[in-house]
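See below for the structure under consideration.
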Amino acid sequence: MIRTLVVRGLATGALAGILAGIVAYLLAEPTIQRAIELEVSRMGPAELTAVGRGGQRAGVFLATGLYGLAAGGLFALVFAAVRGRLGDRGDGVTALGLAAVLFVAVVVVPFLKYPPNPPGVGNPAAIQERTLLFLTTVVASLLLLLAAWRVARLLPSSAGSVVRVMVGCAAFAATVSVVLLVLPRVDDASAFPTKLLWEFRAATFATQLAFWSLLGLGFAGLCRRLPLQAGDAR
């Protein structure tokens, strides 16, 4: 079963990544270009020739495709771990729910504390600190998500699935809020135009939303069209 799920995850993730790359190209690329032109105008026009934008634009699809390939494979492994442990929900519903939960943990939570900046924007000395804090937030969010799931599973079956979900969500929200409050804030883009900055951040968020939506829908669709055989069950 694991092999079948991983193959489905890799295929769905790669396709979702490429399609999300189209969203990034249409929404994020214009803001990146304006950000680069703004930075170059501050440095001088001679810097314009040093920026190879053609290769960078093509690299968007390579980056999102590779991201989708990796995320799709990991998604399939997590799906295999939770399959059959969430009540009598079908594989399609499980895939959609898992994609939504991971989107919150991997994208929404870090975005609340450390939203992305356009390339070249911000204090270079703070990039490493910001990156480490971002990764710390992602790891903490995933660990707290696992802990909240465990807490929900400790409740007796008589509590019902709705109560379990509510308790799990409350536990996750409470613990994540503490982490976000404790972690330091890094404001290294205060000198950049606010409107352009948030246009880029909104475009990046939309790209991630498109990817995780497509991954969940695609994987759920495969589960419906190609259901796992009885012999593949855990």
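Ordering of the structure tokens sets the chain letters (A, B, ...), residue numbers begin anew at 1 in every chain, and ligands are numbered from 1 in the order given.
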Residue set, region 88-123 of chain A restricted to alpha helix (DSSP H), as number ranges by chain: A: 91-103, 109-113
For Met166 (chain A), find every residue with an atom within 12 Å (counting only C-alpha atoms), except residues of its own chain fewer than 4 positions away, and show them as a PyMOL selection string. chain A and resi 148-149+151-153+155+159-162+170-173
For the selection just defined, write its residues with C-alpha atoms to a file, as a PDB file, in the first residue's frame.
```
ATOM      1  CA  ALA A 148      -3.332  17.967  19.390  1.00  0.00           C
ATOM      2  CA  TRP A 149      -4.281  14.885  17.373  1.00  0.00           C
ATOM      3  CA  VAL A 151      -5.032  14.629  22.729  1.00  0.00           C
ATOM      4  CA  ALA A 152      -8.173  14.288  20.636  1.00  0.00           C
ATOM      5  CA  ARG A 153      -7.642  10.532  20.308  1.00  0.00           C
ATOM      6  CA  LEU A 155     -11.039  11.164  24.428  1.00  0.00           C
ATOM      7  CA  ALA A 159     -17.507  11.811  23.001  1.00  0.00           C
ATOM      8  CA  GLY A 160     -18.180  11.695  19.286  1.00  0.00           C
ATOM      9  CA  SER A 161     -16.092  12.822  16.327  1.00  0.00           C
ATOM     10  CA  VAL A 162     -17.332  16.421  16.458  1.00  0.00           C
ATOM     11  CA  ALA A 170      -8.733  24.169  20.463  1.00  0.00           C
ATOM     12  CA  ALA A 171      -5.573  22.490  21.750  1.00  0.00           C
ATOM     13  CA  PHE A 172      -3.688  23.283  18.553  1.00  0.00           C
ATOM     14  CA  ALA A 173      -4.852  26.906  18.440  1.00  0.00           C
TER      15      ALA A 173
END
```
Excluding same-chain residues fewer than 2 positions from Ile22 (chain A), what lies within 12 Å of it counting only C-alpha atoms, as number ranges by chain? A: 15-20, 24-29, 57-65, 203-204, 206-208, 210-211
What gap, in Å, lies between CA of Leu144 (chain A) and CA of Trp212 (chain A)?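 Going from CA of Leu144 (chain A) over to CA of Trp212 (chain A), I get 19.9 Å.
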Point-to-point distance from CA of Gly84 (chain A) to CA of Arg150 (chain A), Å rounded to tenths: 14.9 Å
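Coordinates place CA of Leu135 (chain A) at a distance of 28.8 Å from CA of Val93 (chain A).
Comparing A:Leu154, A:Ala99, A:Leu10, A:Leu183 by their smallest distance to Tyr67 (chain A), the closest is A:Leu10 (using only C-alpha atoms).
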Between A:Ile32, A:Leu98, A:Leu77, A:Met1, which residue has the minimum interatomic distance to Leu196 (chain A), considering only C-alpha atoms?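 That would be A:Ile32, the residue with the smallest distance to Leu196 (chain A).
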For Arg83 (chain A), list every protein, DNA or RNA residue within 12 Å, evaluated using only C-alpha atoms, and leave out those in the same chain fewer than 6 positions away; present the list as a ChimeraX atom specification. /A:1-2,5,75-77,89-95,97-98,223,228,232-234
Between A:Pro116, A:Gly168, A:Gly13, A:Pro30, which is the closest to Leu66 (chain A) once you count only C-alpha atoms?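 Distance minimum relative to Leu66 (chain A) lands on A:Gly13.
Closest approach to Phe192 (chain A) among A:Ala14, A:Val7, A:Val165, A:Ile36: A:Ile36, based on only C-alpha atoms.
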Shell of 12 Å around Val108 (chain A), only C-alpha atoms, local chain residues under 4 positions omitted, as a PyMOL selection string: chain A and resi 100-104+112-116+134+137-138+141-142+173+176+180+201-202+204-206+208-209+212
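Distance annotation: of A:Arg225, A:Arg130, A:Arg8, A:Arg85, the residue with the minimal separation from Pro184 (chain A) is A:Arg130; atom set is only C-alpha atoms.
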